[in-house]
Amino acid sequence: MRKDKELATTMRRNGKSYMEIYRALKVPRATLSDWFSKTDWSNDIRKRLADAAQEVSAVRMRELDRVRGINLTRAYEEARTEAREDFDRLKYHPLFIAGLMLYWGEGDKRTHRQVRLINTDAEMISLYVFFLRHICRVPEDKIGAAVIIYPDLSAQNCIKYWSEKSGISENNFIKCTTIQGRHKTNRLSYGICSVYVSSTYFKAKVLEWLKILPQELMNKAYYASM
């Protein structure tokens with residue numbers, strides 16, 4: 001066995017992440033994935049590390065959102081660094097890629113605080129919320145929602161509908177916004193749902209993920225490591 005592979009195997013069995021092994025041994029992460037991705041004990045370690053990292057991320061989301069002033073630049077850089085490490089760990093997870101693609105196509109990329117996605121498709125909203133909960137580990141009380149409705153729709157019924165579809169508590173919905181539709185008959189039955197997370201830290205991570213995503217998906221090495 002190669003000496004570096006032997007050392008990497010020992011480190012991996014001791015619960016080290018690919019990033020930690022790479023930093024210590026300079027073995028490319030694609031090589032580590034090739035060595036360990038089909039090993040049951042390594043996959044168990046990967047899952048434990050991912051769960052632990054996501055729990056830490058949820059805590060830091062709360063803490064760093066309170067940072068202001070001179071420390072804000074440092075907080076953004078910490079968020080981007082964590083995002084790059086997350087991406088390396090999650091880039092083969094189908095829900096991670098699906099959630100990013102949804103946000104890339106339908107999400108707000110302009111504001112600095114709101115991670116917001118708006119759509120009329122209940123299944124899309126449901127999948128996106130599933131991504132927020134199970135991949136991003138966004139705390140339940142940080143996931144908010146709003147519904148845009150027409151004057152002839154019942155706000156209560158619309159909120160109930162989107163709450164049931166998304167699994168977001170009705171208490172997390174803000175007051176409906178009413179608009180005048182241009183078409184008198186072709187109306188949406190339950191309005192338009194907006195799901196948002198108010199977090200500058202999380203927004204910095206999402207934008208960094210979107211920056212990495214196309215580069216990674218167009219890189220042949222990404223598929224060679226599968």
# chains A, B, ... in the order shown; residues from 1 in each chain; ligands from 1
$ residues_around --residues "A:Asp108" --least-positions-apart "4" --cutoff "10 Å" --atoms "only C-alpha atoms" --output "list of chain:residue names"
A:Tyr103, A:Trp104, A:His112, A:Arg113, A:Gln114, A:Val115, A:Arg116, A:Leu117, A:Ile118, A:Tyr196, A:Lys203, A:Leu207
$ residues_around --residues "A:Leu7" --least-positions-apart "4" --cutoff "10 Å" --atoms "only C-alpha atoms" --output "list in words"
Met1, Arg2, Lys3, Met11, Arg12, Arg13, Ile21, Ala24 and Leu25 of chain A
$ write_last_selection --atoms "N, CA, C and O atoms" --output "compact mmCIF listing (two decimals), in the first residue's frame"
# COMPACT_ATOMS: atom_id res chain seq x y z
N MET A 1 0.85 -1.20 0.00
CA MET A 1 0.00 0.00 0.00
C MET A 1 0.88 1.25 0.00
O MET A 1 1.90 1.28 0.69
N ARG A 2 0.49 2.24 -0.79
CA ARG A 2 1.20 3.52 -0.78
C ARG A 2 1.25 4.07 0.63
O ARG A 2 0.29 3.94 1.40
N LYS A 3 2.40 4.69 0.96
CA LYS A 3 2.56 5.23 2.30
C LYS A 3 1.50 6.28 2.60
O LYS A 3 0.91 6.31 3.69
N MET A 11 -5.98 8.15 9.20
CA MET A 11 -6.63 9.41 9.54
C MET A 11 -8.14 9.32 9.34
O MET A 11 -8.92 9.80 10.16
N ARG A 12 -8.54 8.67 8.23
CA ARG A 12 -9.97 8.55 7.94
C ARG A 12 -10.66 7.70 8.99
O ARG A 12 -11.75 8.04 9.47
N ARG A 13 -10.03 6.58 9.39
CA ARG A 13 -10.61 5.72 10.42
C ARG A 13 -10.70 6.45 11.76
O ARG A 13 -11.55 6.11 12.59
N ILE A 21 -7.49 15.67 5.84
CA ILE A 21 -6.47 14.77 5.28
C ILE A 21 -5.71 15.48 4.16
O ILE A 21 -4.47 15.38 4.07
N ALA A 24 -3.18 17.86 5.56
CA ALA A 24 -2.04 17.20 6.21
C ALA A 24 -1.14 16.48 5.21
O ALA A 24 0.09 16.53 5.33
N LEU A 25 -1.73 15.82 4.22
CA LEU A 25 -0.96 14.96 3.33
C LEU A 25 -0.87 15.46 1.89
O LEU A 25 -0.09 14.92 1.09
$ closest_residue --among "A:Ala30, A:Ser163, A:Gly105, A:Lys16" --to "A:Lys220" --atoms "only C-alpha atoms"
A:Ala30
$ atom_distance --atom1 "atom CA of A:Cys176" --atom2 "atom CA of A:Ser199"
21.7 Å
$ atom_distance --atom1 "atom CA of A:Lys5" --atom2 "atom CA of A:Ala221"
19.9 Å
$ select_by_dssp --residues "stretch 26-178 of chain A" --states "helix (DSSP H, G or I)" --output "tab-separated table (two decimals) with N, CA, C and O atoms, in the first residue's frame"
chain	number	residue	atom	x	y	z
A	29	ARG	N	-8.49	15.62	-3.04
A	29	ARG	CA	-9.75	15.10	-2.50
A	29	ARG	C	-10.42	14.12	-3.46
A	29	ARG	O	-11.11	13.21	-3.04
A	30	ALA	N	-10.20	14.32	-4.76
A	30	ALA	CA	-10.74	13.36	-5.73
A	30	ALA	C	-10.11	11.98	-5.53
A	30	ALA	O	-10.78	10.95	-5.67
A	31	THR	N	-8.82	11.96	-5.20
A	31	THR	CA	-8.14	10.69	-4.94
A	31	THR	C	-8.67	10.05	-3.66
A	31	THR	O	-8.92	8.83	-3.61
A	32	LEU	N	-8.88	10.87	-2.63
A	32	LEU	CA	-9.43	10.35	-1.38
A	32	LEU	C	-10.82	9.77	-1.60
A	32	LEU	O	-11.16	8.71	-1.05
A	33	SER	N	-11.61	10.46	-2.41
A	33	SER	CA	-12.95	9.96	-2.71
A	33	SER	C	-12.87	8.62	-3.43
A	33	SER	O	-13.65	7.70	-3.16
A	34	ASP	N	-11.92	8.50	-4.33
A	34	ASP	CA	-11.74	7.24	-5.07
A	34	ASP	C	-11.34	6.11	-4.12
A	34	ASP	O	-11.79	4.97	-4.26
A	35	TRP	N	-10.54	6.44	-3.14
A	35	TRP	CA	-10.09	5.44	-2.17
A	35	TRP	C	-11.20	5.01	-1.21
A	35	TRP	O	-11.34	3.83	-0.89
A	36	PHE	N	-12.00	5.97	-0.76
A	36	PHE	CA	-12.88	5.71	0.38
A	36	PHE	C	-14.39	5.76	0.11
A	36	PHE	O	-15.16	5.33	0.96
A	40	ASP	N	-17.81	1.20	3.47
A	40	ASP	CA	-18.90	1.42	4.43
A	40	ASP	C	-18.45	2.22	5.64
A	40	ASP	O	-19.15	3.14	6.07
A	41	TRP	N	-17.30	1.87	6.22
A	41	TRP	CA	-16.86	2.57	7.42
A	41	TRP	C	-16.57	4.04	7.12
A	41	TRP	O	-16.80	4.91	7.95
A	42	SER	N	-16.08	4.31	5.91
A	42	SER	CA	-15.81	5.70	5.52
A	42	SER	C	-17.10	6.47	5.31
A	42	SER	O	-17.20	7.65	5.68
A	43	ASN	N	-18.09	5.81	4.72
A	43	ASN	CA	-19.38	6.47	4.52
A	43	ASN	C	-20.06	6.80	5.84
A	43	ASN	O	-20.72	7.83	5.97
A	44	ASP	N	-19.90	5.91	6.83
A	44	ASP	CA	-20.45	6.19	8.16
A	44	ASP	C	-19.78	7.42	8.77
A	44	ASP	O	-20.44	8.27	9.37
A	45	ILE	N	-18.47	7.51	8.61
A	45	ILE	CA	-17.73	8.67	9.11
A	45	ILE	C	-18.17	9.93	8.39
A	45	ILE	O	-18.39	10.98	9.01
A	46	ARG	N	-18.33	9.83	7.07
A	46	ARG	CA	-18.76	10.99	6.28
A	46	ARG	C	-20.11	11.49	6.76
A	46	ARG	O	-20.32	12.70	6.91
A	47	LYS	N	-21.04	10.58	7.02
A	47	LYS	CA	-22.36	10.99	7.49
A	47	LYS	C	-22.28	11.67	8.85
A	47	LYS	O	-22.92	12.69	9.09
A	48	ARG	N	-21.46	11.11	9.76
A	48	ARG	CA	-21.33	11.71	11.09
A	48	ARG	C	-20.71	13.10	10.99
A	48	ARG	O	-21.14	14.04	11.66
A	49	LEU	N	-19.69	13.23	10.15
A	49	LEU	CA	-19.05	14.53	9.98
A	49	LEU	C	-20.01	15.54	9.37
A	49	LEU	O	-20.04	16.71	9.76
A	50	ALA	N	-20.80	15.09	8.38
A	50	ALA	CA	-21.76	15.99	7.73
A	50	ALA	C	-22.82	16.46	8.71
A	50	ALA	O	-23.17	17.64	8.76
A	51	ASP	N	-23.34	15.52	9.51
A	51	ASP	CA	-24.36	15.89	10.50
A	51	ASP	C	-23.80	16.88	11.52
A	51	ASP	O	-24.46	17.87	11.87
A	52	ALA	N	-22.57	16.61	11.98
A	52	ALA	CA	-21.96	17.51	12.97
A	52	ALA	C	-21.71	18.88	12.38
A	52	ALA	O	-21.98	19.91	13.01
A	53	ALA	N	-21.22	18.92	11.14
A	53	ALA	CA	-20.92	20.20	10.49
A	53	ALA	C	-22.19	21.00	10.26
A	53	ALA	O	-22.21	22.23	10.43
A	54	GLN	N	-23.28	20.33	9.90
A	54	GLN	CA	-24.53	21.04	9.65
A	54	GLN	C	-25.14	21.57	10.94
A	54	GLN	O	-25.75	22.64	10.95
A	55	GLU	N	-24.97	20.83	12.03
A	55	GLU	CA	-25.45	21.33	13.31
A	55	GLU	C	-24.67	22.57	13.73
A	55	GLU	O	-25.25	23.55	14.21
A	56	VAL	N	-23.35	22.54	13.54
A	56	VAL	CA	-22.52	23.70	13.85
A	56	VAL	C	-22.93	24.89	12.97
A	56	VAL	O	-23.00	26.02	13.43
A	57	SER	N	-23.22	24.60	11.70
A	57	SER	CA	-23.62	25.66	10.78
A	57	SER	C	-24.89	26.35	11.24
A	57	SER	O	-25.02	27.57	11.15
A	58	ALA	N	-25.85	25.56	11.74
A	58	ALA	CA	-27.11	26.15	12.21
A	58	ALA	C	-26.87	27.08	13.39
A	58	ALA	O	-27.47	28.16	13.48
A	59	VAL	N	-25.97	26.68	14.29
A	59	VAL	CA	-25.65	27.53	15.44
A	59	VAL	C	-24.95	28.80	14.99
A	59	VAL	O	-25.27	29.91	15.43
A	60	ARG	N	-23.99	28.65	14.06
A	60	ARG	CA	-23.24	29.82	13.59
A	60	ARG	C	-24.13	30.77	12.80
A	60	ARG	O	-23.91	31.98	12.80
A	61	MET	N	-25.15	30.24	12.16
A	61	MET	CA	-26.08	31.09	11.43
A	61	MET	C	-26.74	32.08	12.38
A	61	MET	O	-26.89	33.27	12.07
A	62	ARG	N	-27.09	31.59	13.57
A	62	ARG	CA	-27.69	32.47	14.56
A	62	ARG	C	-26.67	33.47	15.11
A	62	ARG	O	-26.95	34.65	15.26
A	63	GLU	N	-25.47	32.97	15.41
A	63	GLU	CA	-24.47	33.82	16.05
A	63	GLU	C	-23.94	34.90	15.12
A	63	GLU	O	-23.86	36.07	15.49
A	64	LEU	N	-23.59	34.53	13.90
A	64	LEU	CA	-22.96	35.49	13.00
A	64	LEU	C	-23.95	36.49	12.42
A	64	LEU	O	-23.55	37.56	11.97
A	69	GLY	N	-20.84	45.87	12.02
A	69	GLY	CA	-19.70	46.78	11.97
A	69	GLY	C	-18.44	46.15	11.44
A	69	GLY	O	-18.44	45.44	10.44
A	70	ILE	N	-17.33	46.38	12.15
A	70	ILE	CA	-16.01	46.01	11.65
A	70	ILE	C	-15.85	44.50	11.49
A	70	ILE	O	-15.04	44.03	10.69
A	71	ASN	N	-16.60	43.71	12.24
A	71	ASN	CA	-16.47	42.26	12.16
A	71	ASN	C	-17.30	41.63	11.06
A	71	ASN	O	-17.23	40.43	10.84
A	72	LEU	N	-18.10	42.42	10.35
A	72	LEU	CA	-18.99	41.88	9.34
A	72	LEU	C	-18.22	41.26	8.17
A	72	LEU	O	-18.59	40.21	7.66
A	73	THR	N	-17.15	41.92	7.74
A	73	THR	CA	-16.33	41.39	6.64
A	73	THR	C	-15.76	40.03	7.00
A	73	THR	O	-15.77	39.11	6.19
A	74	ARG	N	-15.30	39.90	8.23
A	74	ARG	CA	-14.76	38.62	8.69
A	74	ARG	C	-15.85	37.55	8.71
A	74	ARG	O	-15.62	36.40	8.34
A	75	ALA	N	-17.05	37.94	9.13
A	75	ALA	CA	-18.16	36.98	9.18
A	75	ALA	C	-18.52	36.48	7.78
A	75	ALA	O	-18.78	35.29	7.58
A	76	TYR	N	-18.52	37.39	6.80
A	76	TYR	CA	-18.80	36.99	5.42
A	76	TYR	C	-17.75	36.00	4.92
A	76	TYR	O	-18.07	35.02	4.24
A	77	GLU	N	-16.48	36.28	5.24
A	77	GLU	CA	-15.42	35.39	4.78
A	77	GLU	C	-15.53	34.02	5.45
A	77	GLU	O	-15.29	32.99	4.81
A	78	GLU	N	-15.90	34.00	6.72
A	78	GLU	CA	-16.11	32.72	7.40
A	78	GLU	C	-17.25	31.94	6.75
A	78	GLU	O	-17.17	30.72	6.60
A	79	ALA	N	-18.30	32.65	6.37
A	79	ALA	CA	-19.44	31.99	5.72
A	79	ALA	C	-19.02	31.42	4.38
A	79	ALA	O	-19.39	30.28	4.04
A	80	ARG	N	-18.24	32.16	3.61
A	80	ARG	CA	-17.80	31.66	2.30
A	80	ARG	C	-16.84	30.49	2.44
A	80	ARG	O	-16.91	29.53	1.65
A	81	THR	N	-15.97	30.54	3.43
A	81	THR	CA	-15.06	29.42	3.67
A	81	THR	C	-15.84	28.16	4.05
A	81	THR	O	-15.57	27.07	3.54
A	82	GLU	N	-16.81	28.32	4.93
A	82	GLU	CA	-17.64	27.18	5.33
A	82	GLU	C	-18.42	26.65	4.14
A	82	GLU	O	-18.59	25.43	3.98
A	83	ALA	N	-18.88	27.56	3.27
A	83	ALA	CA	-19.64	27.14	2.08
A	83	ALA	C	-18.78	26.28	1.17
A	83	ALA	O	-19.26	25.26	0.62
A	84	ARG	N	-17.53	26.65	0.99
A	84	ARG	CA	-16.64	25.87	0.13
A	84	ARG	C	-16.39	24.48	0.72
A	84	ARG	O	-16.36	23.48	-0.01
A	85	GLU	N	-16.25	24.41	2.02
A	85	GLU	CA	-16.06	23.11	2.67
A	85	GLU	C	-17.34	22.28	2.58
A	85	GLU	O	-17.28	21.07	2.34
A	86	ASP	N	-18.48	22.92	2.77
A	86	ASP	CA	-19.76	22.22	2.63
A	86	ASP	C	-19.93	21.66	1.23
A	86	ASP	O	-20.40	20.52	1.05
A	87	PHE	N	-19.60	22.48	0.23
A	87	PHE	CA	-19.79	22.06	-1.14
A	87	PHE	C	-18.96	20.82	-1.44
A	87	PHE	O	-19.44	19.87	-2.07
A	88	ASP	N	-17.72	20.81	-0.97
A	88	ASP	CA	-16.86	19.67	-1.21
A	88	ASP	C	-17.44	18.41	-0.57
A	88	ASP	O	-17.32	17.31	-1.12
A	89	ARG	N	-18.10	18.56	0.57
A	89	ARG	CA	-18.67	17.41	1.28
A	89	ARG	C	-19.99	16.96	0.67
A	89	ARG	O	-20.33	15.77	0.70
A	90	LEU	N	-20.76	17.90	0.13
A	90	LEU	CA	-22.13	17.60	-0.30
A	90	LEU	C	-22.32	17.56	-1.82
A	90	LEU	O	-23.43	17.31	-2.27
A	94	PRO	N	-27.72	14.35	-4.14
A	94	PRO	CA	-28.71	14.83	-5.12
A	94	PRO	C	-29.60	15.95	-4.61
A	94	PRO	O	-29.96	16.86	-5.35
A	95	LEU	N	-29.96	15.92	-3.31
A	95	LEU	CA	-30.83	16.96	-2.77
A	95	LEU	C	-30.09	18.29	-2.69
A	95	LEU	O	-30.69	19.35	-2.89
A	96	PHE	N	-28.81	18.26	-2.39
A	96	PHE	CA	-28.00	19.48	-2.35
A	96	PHE	C	-27.95	20.13	-3.73
A	96	PHE	O	-28.21	21.33	-3.89
A	97	ILE	N	-27.65	19.34	-4.75
A	97	ILE	CA	-27.59	19.87	-6.11
A	97	ILE	C	-28.97	20.34	-6.57
A	97	ILE	O	-29.11	21.41	-7.18
A	98	ALA	N	-30.01	19.57	-6.27
A	98	ALA	CA	-31.38	19.95	-6.66
A	98	ALA	C	-31.78	21.27	-6.01
A	98	ALA	O	-32.35	22.16	-6.67
A	99	GLY	N	-31.49	21.42	-4.71
A	99	GLY	CA	-31.84	22.65	-4.01
A	99	GLY	C	-31.13	23.86	-4.58
A	99	GLY	O	-31.73	24.93	-4.75
A	100	LEU	N	-29.85	23.70	-4.91
A	100	LEU	CA	-29.10	24.81	-5.49
A	100	LEU	C	-29.63	25.17	-6.88
A	100	LEU	O	-29.72	26.36	-7.23
A	101	MET	N	-29.97	24.16	-7.66
A	101	MET	CA	-30.51	24.44	-9.00
A	101	MET	C	-31.85	25.18	-8.89
A	101	MET	O	-32.11	26.10	-9.68
A	102	LEU	N	-32.67	24.79	-7.93
A	102	LEU	CA	-33.94	25.50	-7.72
A	102	LEU	C	-33.68	26.96	-7.38
A	102	LEU	O	-34.30	27.86	-7.95
A	103	TYR	N	-32.73	27.17	-6.48
A	103	TYR	CA	-32.47	28.56	-6.07
A	103	TYR	C	-31.80	29.34	-7.19
A	103	TYR	O	-32.08	30.54	-7.37
A	104	TRP	N	-30.93	28.72	-7.94
A	104	TRP	CA	-30.27	29.39	-9.06
A	104	TRP	C	-31.31	29.89	-10.06
A	104	TRP	O	-31.20	30.99	-10.59
A	105	GLY	N	-32.34	29.06	-10.30
A	105	GLY	CA	-33.35	29.43	-11.27
A	105	GLY	C	-34.43	30.36	-10.74
A	105	GLY	O	-34.91	31.24	-11.45
A	106	GLU	N	-34.83	30.17	-9.48
A	106	GLU	CA	-36.01	30.87	-8.95
A	106	GLU	C	-35.74	31.77	-7.75
A	106	GLU	O	-36.64	32.49	-7.32
A	122	ALA	N	-46.46	23.96	-5.97
A	122	ALA	CA	-46.42	23.47	-4.60
A	122	ALA	C	-45.34	22.41	-4.39
A	122	ALA	O	-44.71	22.36	-3.34
A	123	GLU	N	-45.12	21.56	-5.39
A	123	GLU	CA	-44.10	20.53	-5.27
A	123	GLU	C	-42.71	21.14	-5.23
A	123	GLU	O	-41.82	20.67	-4.49
A	124	MET	N	-42.50	22.19	-6.00
A	124	MET	CA	-41.21	22.88	-5.98
A	124	MET	C	-40.95	23.52	-4.62
A	124	MET	O	-39.86	23.41	-4.06
A	125	ILE	N	-41.97	24.18	-4.09
A	125	ILE	CA	-41.84	24.80	-2.77
A	125	ILE	C	-41.56	23.74	-1.71
A	125	ILE	O	-40.70	23.92	-0.84
A	126	SER	N	-42.26	22.63	-1.79
A	126	SER	CA	-42.08	21.54	-0.82
A	126	SER	C	-40.66	21.00	-0.87
A	126	SER	O	-40.02	20.77	0.17
A	127	LEU	N	-40.14	20.77	-2.07
A	127	LEU	CA	-38.78	20.25	-2.23
A	127	LEU	C	-37.75	21.26	-1.72
A	127	LEU	O	-36.78	20.89	-1.05
A	128	TYR	N	-37.97	22.53	-2.00
A	128	TYR	CA	-37.04	23.56	-1.56
A	128	TYR	C	-36.99	23.63	-0.02
A	128	TYR	O	-35.91	23.73	0.56
A	129	VAL	N	-38.14	23.56	0.62
A	129	VAL	CA	-38.18	23.59	2.08
A	129	VAL	C	-37.50	22.34	2.65
A	129	VAL	O	-36.80	22.40	3.66
A	130	PHE	N	-37.69	21.21	1.98
A	130	PHE	CA	-37.02	19.97	2.39
A	130	PHE	C	-35.50	20.15	2.33
A	130	PHE	O	-34.76	19.70	3.23
A	131	PHE	N	-35.02	20.81	1.30
A	131	PHE	CA	-33.60	21.15	1.14
A	131	PHE	C	-33.12	22.04	2.28
A	131	PHE	O	-32.05	21.80	2.87
A	132	LEU	N	-33.90	23.06	2.62
A	132	LEU	CA	-33.52	23.96	3.71
A	132	LEU	C	-33.39	23.21	5.03
A	132	LEU	O	-32.46	23.44	5.81
A	133	ARG	N	-34.34	22.30	5.27
A	133	ARG	CA	-34.36	21.59	6.54
A	133	ARG	C	-33.25	20.54	6.65
A	133	ARG	O	-32.54	20.47	7.65
A	134	HIS	N	-33.15	19.70	5.62
A	134	HIS	CA	-32.34	18.49	5.74
A	134	HIS	C	-30.92	18.63	5.20
A	134	HIS	O	-30.05	17.83	5.58
A	140	GLU	N	-36.00	25.69	12.36
A	140	GLU	CA	-37.40	25.79	11.94
A	140	GLU	C	-37.95	27.21	12.09
A	140	GLU	O	-38.71	27.68	11.24
A	141	ASP	N	-37.55	27.89	13.16
A	141	ASP	CA	-38.09	29.22	13.38
A	141	ASP	C	-37.48	30.29	12.48
A	141	ASP	O	-37.91	31.43	12.47
A	142	LYS	N	-36.45	29.88	11.70
A	142	LYS	CA	-35.84	30.82	10.75
A	142	LYS	C	-36.48	30.72	9.37
A	142	LYS	O	-36.21	31.55	8.50
A	155	ALA	N	-57.44	34.58	2.25
A	155	ALA	CA	-56.08	34.56	2.80
A	155	ALA	C	-55.89	33.34	3.71
A	155	ALA	O	-54.85	32.67	3.66
A	156	GLN	N	-56.89	33.05	4.53
A	156	GLN	CA	-56.80	31.94	5.46
A	156	GLN	C	-56.65	30.61	4.73
A	156	GLN	O	-55.82	29.77	5.10
A	157	ASN	N	-57.46	30.42	3.68
A	157	ASN	CA	-57.40	29.17	2.92
A	157	ASN	C	-56.06	29.02	2.20
A	157	ASN	O	-55.50	27.92	2.11
A	158	CYS	N	-55.55	30.12	1.68
A	158	CYS	CA	-54.28	30.08	0.94
A	158	CYS	C	-53.12	29.76	1.87
A	158	CYS	O	-52.24	28.95	1.53
A	159	ILE	N	-53.09	30.38	3.03
A	159	ILE	CA	-52.03	30.10	4.00
A	159	ILE	C	-52.11	28.64	4.45
A	159	ILE	O	-51.08	27.96	4.56
A	160	LYS	N	-53.33	28.15	4.69
A	160	LYS	CA	-53.50	26.76	5.11
A	160	LYS	C	-52.98	25.81	4.03
A	160	LYS	O	-52.29	24.82	4.33
A	161	TYR	N	-53.30	26.11	2.77
A	161	TYR	CA	-52.86	25.27	1.65
A	161	TYR	C	-51.34	25.20	1.59
A	161	TYR	O	-50.74	24.12	1.54
A	162	TRP	N	-50.68	26.37	1.60
A	162	TRP	CA	-49.22	26.39	1.47
A	162	TRP	C	-48.54	25.84	2.72
A	162	TRP	O	-47.45	25.25	2.63
A	163	SER	N	-49.16	25.99	3.86
A	163	SER	CA	-48.60	25.41	5.08
A	163	SER	C	-48.61	23.89	5.01
A	163	SER	O	-47.62	23.22	5.35
A	164	GLU	N	-49.71	23.32	4.53
A	164	GLU	CA	-49.81	21.87	4.40
A	164	GLU	C	-48.84	21.33	3.36
A	164	GLU	O	-48.22	20.28	3.55
A	165	LYS	N	-48.68	22.05	2.26
A	165	LYS	CA	-47.79	21.60	1.19
A	165	LYS	C	-46.32	21.69	1.59
A	165	LYS	O	-45.52	20.81	1.25
A	166	SER	N	-45.96	22.75	2.30
A	166	SER	CA	-44.55	22.98	2.61
A	166	SER	C	-44.12	22.41	3.95
A	166	SER	O	-42.93	22.16	4.18
A	170	GLU	N	-48.27	27.52	10.09
A	170	GLU	CA	-49.04	28.72	9.75
A	170	GLU	C	-48.57	29.93	10.56
A	170	GLU	O	-48.69	31.08	10.11
A	171	ASN	N	-48.02	29.68	11.73
A	171	ASN	CA	-47.51	30.78	12.57
A	171	ASN	C	-46.30	31.47	11.95
A	171	ASN	O	-45.97	32.59	12.33
A	172	ASN	N	-45.64	30.78	11.02
A	172	ASN	CA	-44.46	31.34	10.38
A	172	ASN	C	-44.79	32.12	9.10
A	172	ASN	O	-43.89	32.61	8.42
$ closest_residue --among "A:Ser37, A:Leu153, A:Val138, A:Asn14" --to "A:Val197" --atoms "only C-alpha atoms"
A:Val138
$ select_by_dssp --residues "stretch 114-203 of chain A" --states "strand (DSSP E)" --output "list in words"
Gln114, Val115, Arg116, Leu117, Ile118, Asn119, Ile143, Gly144, Ala145, Ala146, Val147, Ile148, Ile149, Thr177, Thr178, Ile192, Cys193, Ser194, Val195, Tyr196, Val197 and Ser198 of chain A
$ write_last_selection --atoms "N, CA, C and O atoms" --output "short mmCIF file (atom, residue, chain, number, x, y, z; two decimals), in the first residue's frame"
data_model
loop_
_atom_site.label_atom_id
_atom_site.label_comp_id
_atom_site.auth_asym_id
_atom_site.auth_seq_id
_atom_site.Cartn_x
_atom_site.Cartn_y
_atom_site.Cartn_z
N GLN A 114 -31.88 38.39 2.45
CA GLN A 114 -32.98 37.44 2.25
C GLN A 114 -32.57 36.30 1.32
O GLN A 114 -32.13 36.52 0.20
N VAL A 115 -32.71 35.07 1.82
CA VAL A 115 -32.61 33.88 0.97
C VAL A 115 -34.05 33.53 0.64
O VAL A 115 -34.75 32.88 1.41
N ARG A 116 -34.53 33.99 -0.51
CA ARG A 116 -35.96 33.94 -0.83
C ARG A 116 -36.20 33.24 -2.16
O ARG A 116 -35.52 33.52 -3.15
N LEU A 117 -37.18 32.35 -2.17
CA LEU A 117 -37.61 31.68 -3.40
C LEU A 117 -39.12 31.83 -3.52
O LEU A 117 -39.85 31.58 -2.56
N ILE A 118 -39.58 32.23 -4.70
CA ILE A 118 -41.01 32.46 -4.94
C ILE A 118 -41.47 31.58 -6.10
O ILE A 118 -40.80 31.53 -7.14
N ASN A 119 -42.60 30.90 -5.91
CA ASN A 119 -43.12 30.08 -7.00
C ASN A 119 -44.58 29.73 -6.76
O ASN A 119 -45.10 29.85 -5.65
N ILE A 143 -37.31 29.71 9.14
CA ILE A 143 -37.95 29.54 7.83
C ILE A 143 -39.31 30.24 7.86
O ILE A 143 -40.22 29.81 8.56
N GLY A 144 -39.42 31.32 7.12
CA GLY A 144 -40.67 32.06 7.05
C GLY A 144 -41.31 31.93 5.68
O GLY A 144 -40.70 31.45 4.74
N ALA A 145 -42.56 32.36 5.58
CA ALA A 145 -43.27 32.27 4.31
C ALA A 145 -44.28 33.40 4.19
O ALA A 145 -44.71 33.99 5.19
N ALA A 146 -44.64 33.69 2.96
CA ALA A 146 -45.66 34.70 2.66
C ALA A 146 -46.40 34.27 1.42
O ALA A 146 -45.88 33.50 0.60
N VAL A 147 -47.63 34.74 1.28
CA VAL A 147 -48.44 34.39 0.11
C VAL A 147 -48.97 35.66 -0.54
O VAL A 147 -49.46 36.56 0.15
N ILE A 148 -48.83 35.72 -1.85
CA ILE A 148 -49.40 36.81 -2.64
C ILE A 148 -50.71 36.30 -3.23
O ILE A 148 -50.73 35.25 -3.88
N ILE A 149 -51.81 37.01 -2.97
CA ILE A 149 -53.12 36.53 -3.41
C ILE A 149 -53.87 37.60 -4.21
O ILE A 149 -53.49 38.78 -4.21
N THR A 177 -50.19 39.41 0.99
CA THR A 177 -50.18 40.61 0.16
C THR A 177 -51.19 40.43 -0.96
O THR A 177 -51.17 39.40 -1.65
N THR A 178 -52.07 41.38 -1.14
CA THR A 178 -53.11 41.28 -2.16
C THR A 178 -52.73 42.13 -3.38
O THR A 178 -52.32 43.28 -3.24
N ILE A 192 -49.43 32.88 -4.82
CA ILE A 192 -48.01 32.63 -5.05
C ILE A 192 -47.31 32.57 -3.69
O ILE A 192 -47.48 33.45 -2.86
N CYS A 193 -46.52 31.53 -3.49
CA CYS A 193 -45.86 31.34 -2.20
C CYS A 193 -44.40 31.81 -2.25
O CYS A 193 -43.68 31.54 -3.21
N SER A 194 -44.00 32.50 -1.21
CA SER A 194 -42.62 32.95 -1.05
C SER A 194 -42.07 32.35 0.24
O SER A 194 -42.66 32.53 1.31
N VAL A 195 -40.96 31.62 0.12
CA VAL A 195 -40.29 31.05 1.29
C VAL A 195 -38.99 31.81 1.48
O VAL A 195 -38.24 32.01 0.54
N TYR A 196 -38.73 32.24 2.71
CA TYR A 196 -37.53 33.05 2.94
C TYR A 196 -36.85 32.69 4.25
O TYR A 196 -37.47 32.20 5.19
N VAL A 197 -35.54 32.92 4.25
CA VAL A 197 -34.73 32.82 5.46
C VAL A 197 -33.99 34.15 5.57
O VAL A 197 -33.26 34.54 4.65
N SER A 198 -34.18 34.87 6.66
CA SER A 198 -33.52 36.16 6.85
C SER A 198 -32.20 35.93 7.56
O SER A 198 -32.15 35.76 8.78
#
$ atom_distance --atom1 "atom CA of A:Gln180" --atom2 "atom CA of A:Tyr150"
5.9 Å
